[in-house]
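The structure appears right after this line, and notes come after that.
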Amino acid sequence: MRAVLLALAGQCAVFMQSAAAQSSAAIAPVMSSTTPVTVAANDPATSPGTLRPNTMAARVAACTACHGEQGRAGADGYYPRLAGKPQDYLYQQLLHFRDGDRIYRPMTHLLAPLPDAYLYEIAGYFAAQHAPYPPPARGPASSTLLERGRVLTQQGDPARDVPACVACHGAKLSGLSPAIPGLLGLPRDYIGAQIGSWRGDLRRAAAPDCMAEVSKRLTPEDVAAVAAWLSSLPVTEPYVPETADSLTLPLVCGSQTYPVPVAGGAK
Ligand code: HEC
Ligand code: HEC
């Protein structure tokens, strides 16, 4: 997996140069609504002529250069999907990247000048996108590994105090409003890398960070198993988060009660 991630990091650097070159122009219109919008020349969805200036779609062109049209995910499996994820979840991730609780420099650079209320608006834009989900890309995985992933996902491991993933992410793994994301439609490497980041304190969420606690109770083999199992499942529509408070969580999650900017209010 390390080799894969390093290779992807290399590609990212290349991508970054084009994204950074256009970033200030694409994101800046929030500050100055008369600035002309520059869009990514290498992405047909955002090529000049298809975007109306000063629409949100134009403002987030620097984002969709990596995250794909409508935020439906990048082509190579590492740039995660944004479309349809809960607004409060996406918003908190933007704060985390901006403020250094999640580390990915190209995004930190883009987000640094943006105020909370605008990040909440960007999160709302991507949460409202309904792009189709591609079929799962199933890699090699033994039936033993997949079965272990299934059991951990659905039942956890009470002997080791590992809660079931469905206890928070919902019985259909479609997430829980307002801020717990679904776990389907994510690439295997992405799932493994995120849990690995929590285990190594490189990804943090609002305190108490329940997902960090869960991640630290998992062994590397558990992580490989849940990543293989979850990424093998198709997304069946309607794929929407369960309503807030419909589950009693096994641990307290600070992200579920995190304050969001008031509509229209400056923050
Ligand atoms: C250079 C490529 C690139 C650009 C440009 C970029 N992103 Fe990202 N984004 C990534 C990568 C890679 C990750 C996953 C990082 C990690 O491993 O945590 C990510 C993660 C995210 C996440 C977290 C998703 C999740 O499910 O937790 C959000 C939200 C996000 N990006 C939004 C944005 C927005 C909004 C913009 C534009 C302002 C943007 N990104 C620009 C590459 C990019
Ligand atoms: C106690 C509740 C809880 C349990 C149990 C739980 N999670 Fe989570 N999970 C969360 C929360 C809350 C978040 C969002 C954290 C944030 O804001 O970054 C999250 C986020 C994630 C993410 C990041 C998704 C993305 O798009 O980046 C992954 C992957 C994940 N969980 C996997 C799992 C797996 C696998 C299990 C079972 C072994 C599990 N979770 C069990 C609460 C939980």
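Residue numbering restarts at 1 for every chain of the structure tokens, chains are lettered A, B, ... in their displayed order, and ligands are numbered from 1 as they appear.
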
### Task
Name all residues at most 6 Å from A:Ile191 (count only C-alpha atoms; drop same-chain ones fewer than 3 positions away) and give them as a ChimeraX atom specification.
/A:188,194,227

### Neighbourhood of ligand 2 at 7 Å, counting only C-alpha atoms and all ligand atoms, reported as a PyMOL selection string
chain A and resi 89+92-93+152-153+156+163-169+179-181+183+191+194-195+204-206+210-211+214+226-227+249-253+255-256

Using only C-alpha atoms and all ligand atoms, what table do you get, as a Markdown table, when you list each residue of chain A with an atom no more than 6 Å from ligand 1, its nearest pair of atoms, and their distance in Å rounded to one decimal, rows by chain then rising number?
```
| residue | atom | partner | partner_atom_place_in_ligand_line | distance |
| --- | --- | --- | --- | --- |
| A:Cys12 | CA | ligand 1 | 1 (C) | 5.9 |
| A:Phe15 | CA | ligand 1 | 1 (C) | 5.7 |
| A:Met16 | CA | ligand 1 | 1 (C) | 4.3 |
| A:Ala19 | CA | ligand 1 | 5 (C) | 5.2 |
| A:Val60 | CA | ligand 1 | 37 (C) | 5.6 |
| A:Ala62 | CA | ligand 1 | 5 (C) | 5.2 |
| A:Cys63 | CA | ligand 1 | 37 (C) | 3.4 |
| A:Cys66 | CA | ligand 1 | 2 (C) | 4.4 |
| A:Tyr78 | CA | ligand 1 | 12 (C) | 5.9 |
| A:Tyr79 | CA | ligand 1 | 12 (C) | 4.6 |
| A:Pro80 | CA | ligand 1 | 24 (C) | 5.6 |
| A:Leu82 | CA | ligand 1 | 24 (C) | 5.9 |
| A:Leu90 | CA | ligand 1 | 29 (C) | 4.4 |
| A:Gln93 | CA | ligand 1 | 29 (C) | 5.2 |
| A:Leu94 | CA | ligand 1 | 29 (C) | 5.4 |
| A:Tyr104 | CA | ligand 1 | 15 (C) | 5.6 |
| A:Pro106 | CA | ligand 1 | 1 (C) | 5.3 |
| A:Met107 | CA | ligand 1 | 6 (C) | 5.1 |
| A:Leu110 | CA | ligand 1 | 38 (C) | 5.7 |
| A:Leu111 | CA | ligand 1 | 38 (C) | 5.8 |
```

Would you save the residues from that selection as an mmCIF file, in the first residue's frame, using C-alpha atoms?
```cif
data_model
loop_
_atom_site.group_PDB
_atom_site.id
_atom_site.type_symbol
_atom_site.label_atom_id
_atom_site.label_comp_id
_atom_site.auth_asym_id
_atom_site.auth_seq_id
_atom_site.Cartn_x
_atom_site.Cartn_y
_atom_site.Cartn_z
ATOM 1 C CA CYS A 12 -0.672 14.576 -7.015
ATOM 2 C CA PHE A 15 -1.884 17.714 -10.615
ATOM 3 C CA MET A 16 -1.167 20.291 -8.003
ATOM 4 C CA ALA A 19 -4.580 23.228 -9.697
ATOM 5 C CA VAL A 60 -15.040 25.387 -7.113
ATOM 6 C CA ALA A 62 -9.986 24.298 -8.614
ATOM 7 C CA CYS A 63 -11.574 21.672 -6.367
ATOM 8 C CA CYS A 66 -8.880 16.969 -8.410
ATOM 9 C CA TYR A 78 -7.271 8.628 -4.408
ATOM 10 C CA TYR A 79 -9.130 11.946 -4.729
ATOM 11 C CA PRO A 80 -12.231 11.210 -2.666
ATOM 12 C CA LEU A 82 -17.484 14.783 -2.174
ATOM 13 C CA LEU A 90 -17.728 18.176 4.526
ATOM 14 C CA GLN A 93 -13.210 18.443 6.896
ATOM 15 C CA LEU A 94 -12.591 21.802 5.190
ATOM 16 C CA TYR A 104 -2.906 17.687 2.611
ATOM 17 C CA PRO A 106 -2.395 21.560 -1.704
ATOM 18 C CA MET A 107 -5.804 21.933 -0.065
ATOM 19 C CA LEU A 110 -6.444 26.759 -1.283
ATOM 20 C CA LEU A 111 -8.516 26.963 1.890
#
```

### Residue contacts of A:Asp222 (12 Å, only C-alpha atoms) excluding same-chain residues fewer than 3 positions away, as number ranges by chain
A: 144-153, 156-157, 160, 162, 191-192, 195-196, 214-219, 225-229

If you keep N, CA and C atoms, can you produce a file of those selected residues as a compact mmCIF listing (two decimals), in the first residue's frame?
```
# COMPACT_ATOMS: atom_id res chain seq x y z
N THR A 144 -11.53 -15.16 3.53
CA THR A 144 -11.33 -15.01 4.98
C THR A 144 -11.23 -13.53 5.36
N LEU A 145 -10.47 -12.78 4.53
CA LEU A 145 -10.30 -11.35 4.81
C LEU A 145 -11.65 -10.63 4.70
N LEU A 146 -12.40 -10.94 3.64
CA LEU A 146 -13.69 -10.29 3.43
C LEU A 146 -14.66 -10.62 4.57
N GLU A 147 -14.64 -11.89 5.02
CA GLU A 147 -15.55 -12.30 6.10
C GLU A 147 -15.19 -11.56 7.39
N ARG A 148 -13.90 -11.42 7.65
CA ARG A 148 -13.47 -10.68 8.84
C ARG A 148 -13.95 -9.22 8.74
N GLY A 149 -13.84 -8.64 7.57
CA GLY A 149 -14.30 -7.26 7.35
C GLY A 149 -15.80 -7.16 7.58
N ARG A 150 -16.55 -8.13 7.09
CA ARG A 150 -18.02 -8.11 7.24
C ARG A 150 -18.40 -8.18 8.72
N VAL A 151 -17.76 -9.08 9.46
CA VAL A 151 -18.10 -9.26 10.87
C VAL A 151 -17.76 -8.00 11.67
N LEU A 152 -16.59 -7.43 11.42
CA LEU A 152 -16.22 -6.19 12.14
C LEU A 152 -17.20 -5.06 11.82
N THR A 153 -17.58 -4.96 10.56
CA THR A 153 -18.49 -3.89 10.14
C THR A 153 -19.84 -4.04 10.82
N GLY A 156 -18.72 -5.70 15.04
CA GLY A 156 -17.56 -5.28 15.81
C GLY A 156 -16.89 -6.49 16.44
N ASP A 157 -16.13 -6.25 17.50
CA ASP A 157 -15.50 -7.35 18.23
C ASP A 157 -15.62 -7.02 19.72
N ARG A 160 -12.82 -7.16 22.29
CA ARG A 160 -11.76 -6.14 22.28
C ARG A 160 -12.35 -4.73 22.32
N VAL A 162 -14.32 -3.28 20.33
CA VAL A 162 -14.43 -2.63 19.02
C VAL A 162 -15.91 -2.56 18.66
N ILE A 191 -9.89 4.22 2.30
CA ILE A 191 -10.39 3.80 3.63
C ILE A 191 -9.20 3.41 4.52
N GLY A 192 -8.30 2.59 3.98
CA GLY A 192 -7.15 2.15 4.76
C GLY A 192 -6.28 3.32 5.19
N ILE A 195 -8.05 5.50 8.10
CA ILE A 195 -8.00 4.87 9.43
C ILE A 195 -6.55 4.86 9.93
N GLY A 196 -5.61 4.62 8.98
CA GLY A 196 -4.19 4.68 9.34
C GLY A 196 -3.79 6.06 9.85
N VAL A 214 -11.97 4.55 17.83
CA VAL A 214 -12.28 3.29 17.13
C VAL A 214 -11.04 2.82 16.35
N SER A 215 -10.39 3.73 15.63
CA SER A 215 -9.25 3.35 14.78
C SER A 215 -8.13 2.74 15.62
N LYS A 216 -7.93 3.29 16.81
CA LYS A 216 -6.83 2.79 17.65
C LYS A 216 -7.14 1.44 18.28
N ARG A 217 -8.40 1.04 18.23
CA ARG A 217 -8.74 -0.30 18.73
C ARG A 217 -8.60 -1.36 17.63
N LEU A 218 -8.36 -0.91 16.40
CA LEU A 218 -8.23 -1.85 15.27
C LEU A 218 -6.77 -2.21 15.06
N THR A 219 -6.51 -3.48 14.69
CA THR A 219 -5.16 -3.87 14.30
C THR A 219 -4.99 -3.57 12.80
N ALA A 225 -9.01 -5.61 6.50
CA ALA A 225 -10.25 -6.38 6.30
C ALA A 225 -11.45 -5.46 6.06
N VAL A 226 -11.62 -4.42 6.88
CA VAL A 226 -12.79 -3.55 6.67
C VAL A 226 -12.64 -2.77 5.35
N ALA A 227 -11.40 -2.38 5.01
CA ALA A 227 -11.21 -1.64 3.74
C ALA A 227 -11.57 -2.53 2.56
N ALA A 228 -11.16 -3.81 2.61
CA ALA A 228 -11.47 -4.73 1.50
C ALA A 228 -12.98 -4.98 1.42
N TRP A 229 -13.61 -5.19 2.58
CA TRP A 229 -15.04 -5.51 2.59
C TRP A 229 -15.89 -4.31 2.15
```

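Candidate residues A:Gly185, A:Pro140, A:Pro134, A:Pro238 were compared for distance to A:Ala224, and the nearest is A:Pro140, using only C-alpha atoms.
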
### Message
Which residues are near A:Leu176? Cut-off 9 Å, only C-alpha atoms, ignore same chain within fewer than 2 positions. Put them as a VMD selection string.
### Response
chain A and resid 86 168 to 170 173 to 174 178 to 182 240 to 247 256

How would the residues just picked look written out with N, CA and C atoms as an mmCIF file, in the first residue's frame?
```
data_model
loop_
_atom_site.group_PDB
_atom_site.id
_atom_site.type_symbol
_atom_site.label_atom_id
_atom_site.label_comp_id
_atom_site.auth_asym_id
_atom_site.auth_seq_id
_atom_site.Cartn_x
_atom_site.Cartn_y
_atom_site.Cartn_z
ATOM 1 N N PRO A 86 -22.690 14.334 3.787
ATOM 2 C CA PRO A 86 -23.406 15.324 4.612
ATOM 3 C C PRO A 86 -22.669 16.671 4.667
ATOM 4 N N CYS A 168 -22.598 3.455 14.229
ATOM 5 C CA CYS A 168 -22.535 4.907 14.000
ATOM 6 C C CYS A 168 -22.806 5.272 12.538
ATOM 7 N N HIS A 169 -22.311 4.441 11.617
ATOM 8 C CA HIS A 169 -22.440 4.792 10.195
ATOM 9 C C HIS A 169 -23.774 4.330 9.609
ATOM 10 N N GLY A 170 -24.623 3.694 10.447
ATOM 11 C CA GLY A 170 -25.962 3.310 9.990
ATOM 12 C C GLY A 170 -26.006 1.897 9.434
ATOM 13 N N LEU A 173 -24.923 1.655 6.116
ATOM 14 C CA LEU A 173 -23.610 2.292 5.957
ATOM 15 C C LEU A 173 -23.701 3.582 5.146
ATOM 16 N N SER A 174 -24.871 4.224 5.212
ATOM 17 C CA SER A 174 -25.061 5.453 4.433
ATOM 18 C C SER A 174 -24.845 6.696 5.292
ATOM 19 N N PRO A 178 -25.990 14.757 11.634
ATOM 20 C CA PRO A 178 -25.593 15.670 10.565
ATOM 21 C C PRO A 178 -24.176 15.463 10.032
ATOM 22 N N ALA A 179 -23.321 14.681 10.698
ATOM 23 C CA ALA A 179 -21.900 14.776 10.330
ATOM 24 C C ALA A 179 -21.166 13.448 10.220
ATOM 25 N N ILE A 180 -21.891 12.316 10.237
ATOM 26 C CA ILE A 180 -21.185 11.035 10.049
ATOM 27 C C ILE A 180 -21.396 10.585 8.599
ATOM 28 N N PRO A 181 -20.284 10.411 7.868
ATOM 29 C CA PRO A 181 -20.405 10.097 6.437
ATOM 30 C C PRO A 181 -20.741 8.628 6.217
ATOM 31 N N GLY A 182 -21.241 8.310 5.030
ATOM 32 C CA GLY A 182 -21.419 6.920 4.630
ATOM 33 C C GLY A 182 -20.070 6.270 4.354
ATOM 34 N N VAL A 240 -28.897 7.683 1.460
ATOM 35 C CA VAL A 240 -28.967 8.931 2.234
ATOM 36 C C VAL A 240 -28.717 8.630 3.704
ATOM 37 N N PRO A 241 -28.119 9.597 4.428
ATOM 38 C CA PRO A 241 -27.827 9.365 5.846
ATOM 39 C C PRO A 241 -29.095 9.143 6.671
ATOM 40 N N GLU A 242 -28.992 8.330 7.713
ATOM 41 C CA GLU A 242 -30.107 8.153 8.657
ATOM 42 C C GLU A 242 -30.347 9.494 9.372
ATOM 43 N N THR A 243 -31.580 9.666 9.879
ATOM 44 C CA THR A 243 -31.874 10.946 10.530
ATOM 45 C C THR A 243 -31.114 11.074 11.858
ATOM 46 N N ALA A 244 -30.758 12.327 12.179
ATOM 47 C CA ALA A 244 -29.994 12.622 13.395
ATOM 48 C C ALA A 244 -30.691 12.004 14.603
ATOM 49 N N ASP A 245 -29.916 11.511 15.543
ATOM 50 C CA ASP A 245 -30.428 10.954 16.794
ATOM 51 C C ASP A 245 -31.255 9.682 16.616
ATOM 52 N N SER A 246 -31.251 9.074 15.412
ATOM 53 C CA SER A 246 -31.993 7.815 15.270
ATOM 54 C C SER A 246 -31.181 6.642 15.811
ATOM 55 N N LEU A 247 -29.909 6.872 16.122
ATOM 56 C CA LEU A 247 -29.071 5.822 16.704
ATOM 57 C C LEU A 247 -28.494 6.315 18.027
ATOM 58 N N GLN A 256 -20.711 15.382 15.885
ATOM 59 C CA GLN A 256 -22.172 15.385 15.739
ATOM 60 C C GLN A 256 -22.830 16.633 16.346
#
```

### Query
Could you work out how far atom CA of A:Leu114 lies from atom CA of A:Pro187, giving the answer in Å with one decimal?
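Computed distance, atom CA of A:Pro187 to atom CA of A:Leu114, equals 28.6 Å.
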
### Query
Per DSSP on the backbone, what are the helix (DSSP H, G or I) residues of stretch 151-203 of chain A, as a ChimeraX atom specification?
/A:151-155,158-160,166-169,188-199

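Scanning stretch 70-246 of chain A with DSSP on the backbone, the strand (DSSP E or B) assignments fall on Arg102, Asp157, Val162, Leu176, Ile180, Arg203 and Glu242 of chain A.
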
File of the preceding selection, N, CA and C atoms, as a compact mmCIF listing (two decimals), in the first residue's frame:
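Dumped everything to result_29.txt:
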```
# COMPACT_ATOMS: atom_id res chain seq x y z
N ARG A 102 -6.09 17.90 9.54
CA ARG A 102 -5.96 16.90 8.49
C ARG A 102 -4.95 17.47 7.55
N ASP A 157 -16.13 -6.25 17.50
CA ASP A 157 -15.50 -7.35 18.23
C ASP A 157 -15.62 -7.02 19.72
N VAL A 162 -14.32 -3.28 20.33
CA VAL A 162 -14.43 -2.63 19.02
C VAL A 162 -15.91 -2.56 18.66
N LEU A 176 -24.94 9.04 9.13
CA LEU A 176 -25.93 9.51 10.11
C LEU A 176 -25.84 11.04 10.14
N ILE A 180 -21.89 12.32 10.24
CA ILE A 180 -21.19 11.04 10.05
C ILE A 180 -21.40 10.59 8.60
N ARG A 203 -4.83 12.46 11.36
CA ARG A 203 -6.17 12.98 11.05
C ARG A 203 -6.88 13.12 12.37
N GLU A 242 -28.99 8.33 7.71
CA GLU A 242 -30.11 8.15 8.66
C GLU A 242 -30.35 9.49 9.37
```

### Task
State, in Å with one decimal place, the distance from atom CA of A:Gln70 to atom CA of A:Thr108.
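It comes out at 20.4 Å.
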
### Query
Within 6 Å of stretch 123-132 of chain A, counting only C-alpha atoms, which residues qualify if same-chain residues fewer than 2 places away don't, as an MDAnalysis selection string?
chainID A and resid 82:87 90:91 120:121

Go ahead and dump the residues you just picked, N, CA and C atoms, as a PDB file, in the first residue's frame.
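Output saved as result29.pdb:
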```
ATOM      1  N   LEU A  82     -16.881  13.813  -3.088  1.00  0.00           N
ATOM      2  CA  LEU A  82     -17.484  14.783  -2.174  1.00  0.00           C
ATOM      3  C   LEU A  82     -19.006  14.776  -2.341  1.00  0.00           C
ATOM      4  N   ALA A  83     -19.475  14.467  -3.558  1.00  0.00           N
ATOM      5  CA  ALA A  83     -20.897  14.575  -3.904  1.00  0.00           C
ATOM      6  C   ALA A  83     -21.767  13.768  -2.949  1.00  0.00           C
ATOM      7  N   GLY A  84     -22.779  14.434  -2.391  1.00  0.00           N
ATOM      8  CA  GLY A  84     -23.777  13.731  -1.583  1.00  0.00           C
ATOM      9  C   GLY A  84     -23.360  13.445  -0.156  1.00  0.00           C
ATOM     10  N   LYS A  85     -22.115  13.776   0.243  1.00  0.00           N
ATOM     11  CA  LYS A  85     -21.736  13.558   1.650  1.00  0.00           C
ATOM     12  C   LYS A  85     -22.399  14.641   2.505  1.00  0.00           C
ATOM     13  N   PRO A  86     -22.690  14.334   3.787  1.00  0.00           N
ATOM     14  CA  PRO A  86     -23.406  15.324   4.612  1.00  0.00           C
ATOM     15  C   PRO A  86     -22.669  16.671   4.667  1.00  0.00           C
ATOM     16  N   GLN A  87     -23.439  17.762   4.561  1.00  0.00           N
ATOM     17  CA  GLN A  87     -22.853  19.107   4.535  1.00  0.00           C
ATOM     18  C   GLN A  87     -21.989  19.372   5.769  1.00  0.00           C
ATOM     19  N   LEU A  90     -18.659  17.545   5.474  1.00  0.00           N
ATOM     20  CA  LEU A  90     -17.728  18.176   4.526  1.00  0.00           C
ATOM     21  C   LEU A  90     -17.175  19.472   5.105  1.00  0.00           C
ATOM     22  N   TYR A  91     -18.053  20.243   5.724  1.00  0.00           N
ATOM     23  CA  TYR A  91     -17.634  21.514   6.327  1.00  0.00           C
ATOM     24  C   TYR A  91     -16.524  21.286   7.358  1.00  0.00           C
ATOM     25  N   TYR A 120     -18.710  26.646   4.601  1.00  0.00           N
ATOM     26  CA  TYR A 120     -19.985  25.953   4.829  1.00  0.00           C
ATOM     27  C   TYR A 120     -20.825  25.956   3.547  1.00  0.00           C
ATOM     28  N   GLU A 121     -20.739  27.070   2.807  1.00  0.00           N
ATOM     29  CA  GLU A 121     -21.459  27.170   1.527  1.00  0.00           C
ATOM     30  C   GLU A 121     -20.889  26.173   0.502  1.00  0.00           C
TER      31      GLU A 121
END
```

### Query
What is the atom CA of A:Tyr239 to atom CA of A:Lys172 distance in Å?
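These two atoms are separated by 8.2 Å.
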
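Proximity ranking of A:Asp161, A:Arg138, A:Thr248, A:Ala171 relative to A:Ser231 places A:Arg138 first, based on only C-alpha atoms.
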
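With only C-alpha atoms as the atoms that count, the minimum distance from A:Gln154 to the choices A:Ala61, A:Leu186, A:Ala112, A:Leu230 is reached by A:Leu230.
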
### Message
Between A:Ile103, A:His96, A:Ala141, A:Arg81, which residue has the minimum interatomic distance to A:His67, considering only C-alpha atoms?
### Response
A:Arg81

### Task
Can you work out which one of A:Met56, A:Ala117, A:Ala65, A:Ala137 has the shortest atom-to-atom distance to A:Pro234, counting only C-alpha atoms?
A:Ala137
